[in-house]
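Engineer: Provided herewith: start.txt, compact mmCIF, C-alpha atoms.
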# COMPACT_ATOMS: atom_id res chain seq x y z
CA MET A 1 82.06 138.43 94.96
CA ALA A 2 78.38 139.07 94.47
CA ASP A 3 77.04 141.95 92.43
CA SER A 4 75.07 144.61 94.25
CA PRO A 5 71.43 144.42 93.16
CA THR A 6 71.46 148.06 92.15
CA ASP A 7 74.28 149.91 90.47
CA SER A 8 77.31 147.59 90.36
CA ALA A 9 79.12 146.87 87.10
CA PRO A 10 78.15 143.69 85.26
CA ALA A 11 80.36 140.65 85.58
CA PRO A 12 83.21 140.77 83.04
CA ILE A 13 82.46 137.22 81.88
CA GLU A 14 79.45 134.95 82.22
CA LEU A 15 78.81 131.62 80.50
CA ARG A 16 75.29 130.22 80.45
CA ASP A 17 74.80 126.58 79.44
CA VAL A 18 77.76 126.82 77.08
CA GLN A 19 78.91 123.81 75.10
CA ILE A 20 82.52 124.14 74.00
CA ARG A 21 83.52 122.55 70.72
CA HIS A 22 86.68 120.70 69.85
CA PRO A 23 88.70 123.13 67.69
CA ASP A 24 89.94 120.44 65.30
CA ILE A 25 86.93 118.14 64.91
CA VAL A 26 83.76 119.70 63.52
CA GLY A 27 80.60 118.94 65.49
CA THR A 28 82.27 117.44 68.55
CA TRP A 29 82.41 119.00 71.99
CA ARG A 30 85.00 119.10 74.77
CA VAL A 31 83.09 120.66 77.67
CA ASN A 32 79.33 120.63 78.12
CA GLY A 33 76.83 122.72 80.07
CA VAL A 34 79.20 125.37 81.45
CA ASN A 35 77.55 127.83 83.82
CA TRP A 36 80.22 130.12 85.19
CA ARG A 37 80.21 133.75 86.33
CA ILE A 38 83.54 135.54 86.71
CA GLU A 39 83.15 138.66 88.79
CA GLN A 40 85.30 141.75 88.60
CA GLY A 41 88.38 141.30 90.80
CA ASP A 42 88.11 137.50 91.07
CA TYR A 43 91.24 135.34 91.07
CA TRP A 44 90.35 131.90 89.70
CA ALA A 45 92.43 128.73 89.52
CA VAL A 46 90.91 126.15 87.16
CA GLY A 47 92.41 122.69 87.57
CA GLY A 48 92.27 119.94 84.98
CA LEU A 49 94.31 117.04 83.66
CA HIS A 50 96.19 117.12 80.36
CA TRP A 51 93.78 117.31 77.38
CA SER A 52 90.80 117.99 79.62
CA GLY A 53 89.87 121.10 77.61
CA LYS A 54 91.47 123.89 79.66
CA THR A 55 92.84 125.73 76.63
CA ASN A 56 89.52 125.40 74.79
CA LEU A 57 87.74 126.77 77.85
CA LEU A 58 90.00 129.84 78.00
CA LEU A 59 89.66 130.42 74.25
CA THR A 60 85.88 130.35 74.66
CA VAL A 61 85.97 132.69 77.66
CA ALA A 62 88.08 135.10 75.59
CA GLY A 63 85.50 135.03 72.79
CA VAL A 64 87.91 133.37 70.34
CA ASN A 65 86.63 129.79 70.23
CA PRO A 66 83.07 129.57 68.82
CA ARG A 67 80.48 127.81 70.98
CA ILE A 68 78.24 124.95 69.89
CA ARG A 69 75.46 126.39 72.04
CA GLY A 70 74.85 128.66 75.00
CA ASP A 71 75.37 132.33 75.80
CA LEU A 72 78.65 134.11 76.46
CA ARG A 73 78.27 137.53 78.06
CA LEU A 74 81.24 139.89 78.09
CA PHE A 75 80.91 142.91 80.39
CA GLY A 76 77.13 142.55 80.38
CA GLY A 77 76.58 142.11 76.64
CA GLU A 78 75.84 138.84 74.84
CA LEU A 79 78.67 138.26 72.38
CA GLY A 80 76.41 136.71 69.75
CA GLY A 81 74.26 139.84 69.65
CA MET A 82 77.16 142.22 68.97
CA ASP A 83 78.30 143.49 65.60
CA ALA A 84 81.91 142.79 64.58
CA GLU A 85 83.27 146.12 65.80
CA GLU A 86 81.58 145.91 69.20
CA ALA A 87 82.62 142.26 69.66
CA LEU A 88 86.25 143.12 68.91
CA ARG A 89 86.16 146.04 71.35
CA GLU A 90 84.85 143.84 74.16
CA ARG A 91 87.25 140.99 73.39
CA LEU A 92 90.22 143.36 73.54
CA ARG A 93 89.34 144.03 77.19
CA ILE A 94 90.48 140.44 77.83
CA GLY A 95 94.12 139.39 77.58
CA LEU A 96 94.95 135.72 76.94
CA VAL A 97 98.45 134.46 77.79
CA PHE A 98 99.05 131.19 75.95
CA GLY A 99 101.12 128.42 77.48
CA GLY A 100 103.78 126.38 75.71
CA ASP A 101 105.70 128.61 73.33
CA GLY A 102 103.13 131.39 73.67
CA ARG A 103 101.77 130.91 70.12
CA LEU A 104 104.09 133.60 68.84
CA LEU A 105 104.86 134.27 65.18
CA PRO A 106 108.40 132.86 65.13
CA ASP A 107 109.69 134.88 62.17
CA LEU A 108 108.64 138.20 63.68
CA THR A 109 110.87 139.80 66.28
CA VAL A 110 109.95 139.85 69.94
CA ALA A 111 109.01 143.53 69.64
CA GLU A 112 106.90 142.92 66.51
CA ASN A 113 104.97 140.14 68.24
CA ILE A 114 104.22 142.39 71.20
CA ALA A 115 103.05 145.20 68.91
CA LEU A 116 100.48 143.06 67.06
CA PRO A 117 97.44 143.91 69.25
CA LEU A 118 98.11 147.63 68.83
CA ARG A 119 97.49 147.24 65.11
CA TYR A 120 93.82 146.54 65.91
CA LEU A 121 93.51 150.06 67.29
CA ARG A 122 92.93 153.15 65.23
CA GLY A 123 95.02 156.22 65.91
CA VAL A 124 98.10 154.48 67.30
CA ASP A 125 101.01 155.89 65.29
CA ASP A 126 104.45 154.33 64.99
CA LYS A 127 105.97 156.55 67.67
CA GLU A 128 103.31 155.75 70.26
CA MET A 129 103.50 152.07 69.35
CA GLU A 130 107.26 152.04 69.85
CA THR A 131 106.93 153.82 73.21
CA ARG A 132 104.31 151.44 74.53
CA VAL A 133 106.11 148.31 73.34
CA ARG A 134 109.40 149.47 74.81
CA ARG A 135 107.77 150.19 78.18
CA VAL A 136 106.28 146.70 78.38
CA MET A 137 109.52 145.04 77.31
CA ASP A 138 111.47 147.02 79.89
CA GLU A 139 109.06 146.04 82.66
CA LEU A 140 109.16 142.34 81.73
CA GLY A 141 112.90 142.07 81.09
CA LEU A 142 112.73 141.71 77.30
CA LEU A 143 114.69 144.70 75.99
CA GLU A 144 117.79 142.66 75.22
CA THR A 145 115.82 140.33 72.95
CA ALA A 146 113.63 142.98 71.28
CA SER A 147 115.16 142.61 67.80
CA GLN A 148 115.57 138.83 67.90
CA PRO A 149 113.13 136.54 66.06
CA ALA A 150 110.68 135.18 68.60
CA GLY A 151 111.40 131.64 67.47
CA SER A 152 115.06 131.98 68.45
CA VAL A 153 114.68 132.97 72.11
CA ASP A 154 114.39 130.54 75.02
CA LEU A 155 111.10 129.30 76.49
CA ALA A 156 111.13 131.71 79.42
CA ARG A 157 111.45 134.73 77.13
CA ARG A 158 108.90 133.40 74.66
CA ARG A 159 106.45 133.03 77.53
CA ARG A 160 107.20 136.58 78.72
CA THR A 161 106.71 137.83 75.16
CA ALA A 162 103.28 136.22 75.11
CA LEU A 163 102.51 137.99 78.39
CA ALA A 164 103.70 141.33 77.01
CA ARG A 165 101.48 140.89 73.96
CA ALA A 166 98.51 140.16 76.24
CA VAL A 167 98.97 143.21 78.48
CA ILE A 168 99.96 145.79 75.84
CA LEU A 169 96.32 146.97 75.60
CA GLU A 170 95.92 147.15 79.40
CA PRO A 171 93.08 144.59 79.58
CA GLU A 172 90.73 144.26 82.52
CA VAL A 173 90.81 140.45 82.55
CA LEU A 174 93.90 138.24 82.20
CA LEU A 175 93.63 134.55 81.33
CA PHE A 176 96.71 132.37 81.84
CA ASP A 177 97.04 128.94 80.23
CA GLN A 178 99.52 126.80 82.20
CA PRO A 179 101.83 129.76 82.95
CA LEU A 180 104.28 127.67 85.02
CA GLY A 181 104.64 124.72 82.66
CA GLY A 182 108.24 123.85 81.75
CA LEU A 183 109.80 126.64 83.81
CA ASP A 184 112.45 126.39 86.51
CA PRO A 185 111.66 127.29 90.17
CA ARG A 186 113.00 130.84 89.86
CA GLN A 187 110.87 131.54 86.78
CA ARG A 188 107.83 129.95 88.41
CA ASP A 189 108.17 132.24 91.42
CA TRP A 190 108.55 135.25 89.09
CA TRP A 191 105.29 134.37 87.34
CA ARG A 192 103.29 133.73 90.48
CA ASP A 193 104.46 136.96 92.08
CA LEU A 194 103.76 138.96 88.93
CA ILE A 195 100.26 137.51 88.53
CA ASP A 196 99.59 138.51 92.15
CA GLU A 197 100.75 142.03 91.26
CA PHE A 198 98.42 142.16 88.27
CA HIS A 199 95.55 141.10 90.53
CA ALA A 200 96.41 143.82 93.04
CA GLY A 201 97.05 146.52 90.41
CA HIS A 202 100.21 146.66 88.29
CA ALA A 203 101.67 149.74 86.60
CA LEU A 204 101.39 148.02 83.20
CA LEU A 205 97.61 147.96 83.70
CA ASP A 206 97.52 151.56 84.89
CA ALA A 207 97.46 150.25 88.50
CA ARG A 208 93.94 148.87 88.02
CA PRO A 209 93.33 145.51 89.76
CA ALA A 210 92.85 142.81 87.13
CA THR A 211 90.46 139.87 87.13
CA ILE A 212 92.58 136.71 86.90
CA VAL A 213 91.92 133.18 85.62
CA VAL A 214 94.73 130.60 85.72
CA ALA A 215 94.33 127.15 84.11
CA THR A 216 96.63 124.55 85.59
CA GLU A 217 97.37 120.83 85.98
CA ASP A 218 98.71 121.41 89.50
CA LEU A 219 96.73 123.42 92.03
CA ARG A 220 99.45 123.50 94.69
CA PRO A 221 101.13 126.73 93.47
CA TRP A 222 97.76 128.52 93.47
CA ARG A 223 95.86 127.31 96.52
CA ASP A 224 97.18 130.14 98.71
CA ARG A 225 96.91 132.78 95.99
CA ALA A 226 93.66 132.23 94.09
CA ASP A 227 90.39 133.01 95.87
CA ARG A 228 88.07 131.02 93.58
CA PHE A 229 88.47 127.46 92.29
CA ALA A 230 86.98 125.25 89.60
CA LEU A 231 87.76 121.76 88.29
CA LEU A 232 87.48 120.54 84.71
CA ASP A 233 86.83 116.81 84.51
CA GLU A 234 85.32 114.49 81.90
CA GLY A 235 83.70 117.26 79.92
CA ARG A 236 82.23 119.11 82.88
CA LEU A 237 83.30 122.27 84.70
CA HIS A 238 82.75 122.01 88.45
CA VAL A 239 82.54 125.58 89.79
CA VAL A 240 83.55 124.94 93.39
CA GLY A 241 83.91 128.37 95.01
CA ASP A 242 86.30 129.85 97.56
CA ARG A 243 89.26 128.17 99.32
CA GLU A 244 87.16 126.75 102.12
CA ALA A 245 84.72 125.21 99.65
CA MET A 246 87.60 123.79 97.63
CA MET A 247 89.15 122.15 100.69
CA ARG A 248 85.80 120.50 101.45
CA PHE A 249 85.16 119.43 97.85
CA ASP A 250 85.19 115.64 97.75
CA HIS A 251 86.31 114.80 94.24
CA THR A 252 88.97 112.42 92.98
CA LEU A 253 90.40 115.06 90.65
CA ALA A 254 91.03 117.46 93.53
CA ARG A 255 93.32 114.86 95.09
CA GLU A 256 94.99 114.05 91.76
CA LEU A 257 95.81 117.73 91.27
CA HIS A 258 97.54 117.76 94.66
CA LEU A 259 95.15 120.05 96.46
As structure tokens - that is how I would like this structure written.

Structural biologist:
Amino acid sequence: MADSPTDSAPAPIELRDVQIRHPDIVGTWRVNGVNWRIEQGDYWAVGGLHWSGKTNLLLTVAGVNPRIRGDLRLFGGELGGMDAEEALRERLRIGLVFGGDGRLLPDLTVAENIALPLRYLRGVDDKEMETRVRRVMDELGLLETASQPAGSVDLARRRRTALARAVILEPEVLLFDQPLGGLDPRQRDWWRDLIDEFHAGHALLDARPATIVVATEDLRPWRDRADRFALLDEGRLHVVGDREAMMRFDHTLARELHL
């Protein structure tokens, strides 16, 4: 999706020559020279092998993981040039859904985990917070586990709790890290269908179509759903393009990820 040269909105996310650091080893990098523009309404599938840096890439895109070098622009503004309040406001327009156990706080209840982002906002009283959290839990099938510690519920519900926490602020961009990993076929279908709904415009996002980025080790579930593709291999992000371009892309990794 190309911007109009005149009055269109800026791309929600743009990376210019970004070098992504390893989060645990100071001074080392995982992905180098990333140039990637994510347009409003895009639906990206980013394929990469285990430990290729997919999570680090999403953390950087979300403005959480500091860069070694390069520019990260969120909704037209360079993140490094923003003050703390402005940077937080722009970052909260992006929802990140972690894979694995969802990086929840295990001793907090499911409801308390979901409510955490609302505490960044001024003027959200306890009654409004309870109403909003309950609505999200109801929509995502979590009401029965609301008062349970997040660490005590099964993987499927932990993953849904992570999703609820990511959408509670009605973000414009949703980033998914391995959303299908470890789930059974029924749960996998639920996730794929729901992500499609978010892209089209879901009630939880006030029916606004969301920009979607999915990081995955298997491109098969996404090749008929995503409309943009990229591959992460040996420290480099290959921004391939649409489905037709992806099918023509002659790269060993594309075959290894079952495209």

Engineer: List the neighbours of A:Asp42 out to 8 Å using only C-alpha atoms; skip same-chain residues closer than 4 positions along the sequence, and give me the result as a ChimeraX atom specification.

Structural biologist: /A:1,38,211-213,227-228

Engineer: Using only C-alpha atoms, which residue out of A:Arg157, A:Pro185, A:His50, A:Tyr43 lies closest to A:Glu197?

Structural biologist: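 That would be A:Tyr43, the residue with the smallest distance to A:Glu197.
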
Engineer: Got a sec: who's within 12 Å of A:Glu139, counting all atoms listed in the file, leaving out chain neighbours fewer than 4 positions off, as a ChimeraX atom specification?

Structural biologist: /A:132-135,143-144,160-161,163-164,167-168,194,202-205

Engineer: Between A:Glu128, A:Asn56, A:Val64, A:Val173, single out the one closest to A:Glu39, counting only C-alpha atoms.

Structural biologist: A:Val173

Engineer: Which centre and which edge lengths, in Å to one decimal, describe the axis-aligned box that holds all listed atoms of stretch 125-134 of chain A after 6 Å is added on each side, as lines of an AutoDock Vina configuration file?

Structural biologist:
center_x = 105.2
center_y = 152.4
center_z = 69.9
size_x = 20.4
size_y = 20.2
size_z = 21.8

Engineer: For A:Leu237, list every protein, DNA or RNA residue within 9 Å, evaluated using only C-alpha atoms, and leave out those in the same chain fewer than 4 positions away; present the list as a ChimeraX atom specification.

Structural biologist: /A:31-36,46,230-233

Engineer: Would you mind listing, for every residue of stretch 8-105 of chain A within 10 Å of stretch 245-258 of chain A, the two atoms forming the shortest contact and the distance between them in Å to one decimal, using only C-alpha atoms, sorted by chain and ascending residue number, as a tab-separated table?

Structural biologist:
residue	atom	partner	partner_atom	distance
A:Gly47	CA	A:Leu257	CA	7.1
A:Gly48	CA	A:Leu257	CA	7.5
A:Leu49	CA	A:Leu257	CA	7.8

Engineer: Find the residue from A:Val18, A:Leu116, A:Ala11, A:Met129 that sits nearest to A:Arg165; use only C-alpha atoms when measuring.

Structural biologist: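 For A:Arg165, the nearest of the given residues is A:Leu116.
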
Engineer: Can you work out which one of A:Asp224, A:Glu170, A:Glu217, A:Glu78 has the shortest atom-to-atom distance to A:Arg192, counting only C-alpha atoms?

Structural biologist: A:Asp224
